[in-house]
Amino acid sequence: MKKAALRIDMSSASASFKGLQIIPSTPPILLAADFHNAKIDAFDANYAPITADAGALTWGPNTPQAADAGTLPTQLFFTSGPNGEDNGLYGYLTAP
């Protein structure tokens, strides 16, 4: 039986990760959806934080329609519930 290992401790920021995605790039990138802080954290293969370039996050009227979601392999679509889940947000991240 394998045991889980703590690789990233963000408890001091009250992080509450609800989803993970590995981008199969070279090197791979781990995306972690932090529900509590309403953000997506990115980590490299050594679990060091990665900062997104300006413009990598898009939401609102410029976001493609749901029917077009996933048509580009460099896009990661997401939804979130900001303001205590009183509002909804649909957007995407674009890899360079």
# chains A, B, ... in the order shown; residues from 1 in each chain; ligands from 1
$ residues_around --residues "Ile29 in chain A" --least-positions-apart "6" --cutoff "9 Å" --atoms "only C-alpha atoms" --output "PDB file with N, CA and C atoms, in the first residue's frame"
ATOM      1  N   GLN A  21      -4.603  19.257 -11.578  1.00  0.00           N
ATOM      2  CA  GLN A  21      -4.424  18.928 -12.990  1.00  0.00           C
ATOM      3  C   GLN A  21      -2.936  18.997 -13.302  1.00  0.00           C
ATOM      4  N   ILE A  22      -2.429  17.976 -13.972  1.00  0.00           N
ATOM      5  CA  ILE A  22      -1.044  17.991 -14.428  1.00  0.00           C
ATOM      6  C   ILE A  22      -1.037  18.362 -15.903  1.00  0.00           C
ATOM      7  N   ILE A  23      -0.310  19.411 -16.238  1.00  0.00           N
ATOM      8  CA  ILE A  23      -0.136  19.790 -17.641  1.00  0.00           C
ATOM      9  C   ILE A  23       1.063  19.013 -18.150  1.00  0.00           C
ATOM     10  N   ALA A  42       0.157  27.199  -9.397  1.00  0.00           N
ATOM     11  CA  ALA A  42       0.921  26.361 -10.325  1.00  0.00           C
ATOM     12  C   ALA A  42       2.272  26.027  -9.699  1.00  0.00           C
ATOM     13  N   PHE A  43       2.710  24.783  -9.906  1.00  0.00           N
ATOM     14  CA  PHE A  43       3.966  24.310  -9.328  1.00  0.00           C
ATOM     15  C   PHE A  43       4.757  23.547 -10.385  1.00  0.00           C
ATOM     16  N   ASP A  44       6.098  23.656 -10.300  1.00  0.00           N
ATOM     17  CA  ASP A  44       6.950  22.925 -11.231  1.00  0.00           C
ATOM     18  C   ASP A  44       7.164  21.492 -10.737  1.00  0.00           C
ATOM     19  N   ALA A  45       8.015  20.748 -11.414  1.00  0.00           N
ATOM     20  CA  ALA A  45       8.252  19.340 -11.083  1.00  0.00           C
ATOM     21  C   ALA A  45       8.879  19.143  -9.708  1.00  0.00           C
ATOM     22  N   TYR A  47       7.880  21.023  -7.150  1.00  0.00           N
ATOM     23  CA  TYR A  47       6.844  21.606  -6.300  1.00  0.00           C
ATOM     24  C   TYR A  47       7.137  23.043  -5.897  1.00  0.00           C
ATOM     25  N   ILE A  50       5.081  28.537  -9.403  1.00  0.00           N
ATOM     26  CA  ILE A  50       5.296  29.170 -10.705  1.00  0.00           C
ATOM     27  C   ILE A  50       4.346  30.354 -10.774  1.00  0.00           C
TER      28      ILE A  50
END
$ residues_around --residues "range 4-18 of chain A" --least-positions-apart "5" --cutoff "8 Å" --atoms "only C-alpha atoms" --output "list in words"
Ala32, Ala33, Asp34, Phe35, His36, Asn37 and Tyr47 of chain A
$ atom_distance --atom1 "CA of Thr26 in chain A" --atom2 "CA of Lys3 in chain A"
26.7 Å
$ closest_residue --among "A:Asn46, A:Met1, A:Leu31, A:Ser25" --to "Phe77 in chain A" --atoms "only C-alpha atoms"
A:Leu31
$ atom_distance --atom1 "CA of Thr51 in chain A" --atom2 "CA of Asn87 in chain A"
25.8 Å
$ atom_distance --atom1 "CA of Leu76 in chain A" --atom2 "CA of Pro49 in chain A"
18.0 Å
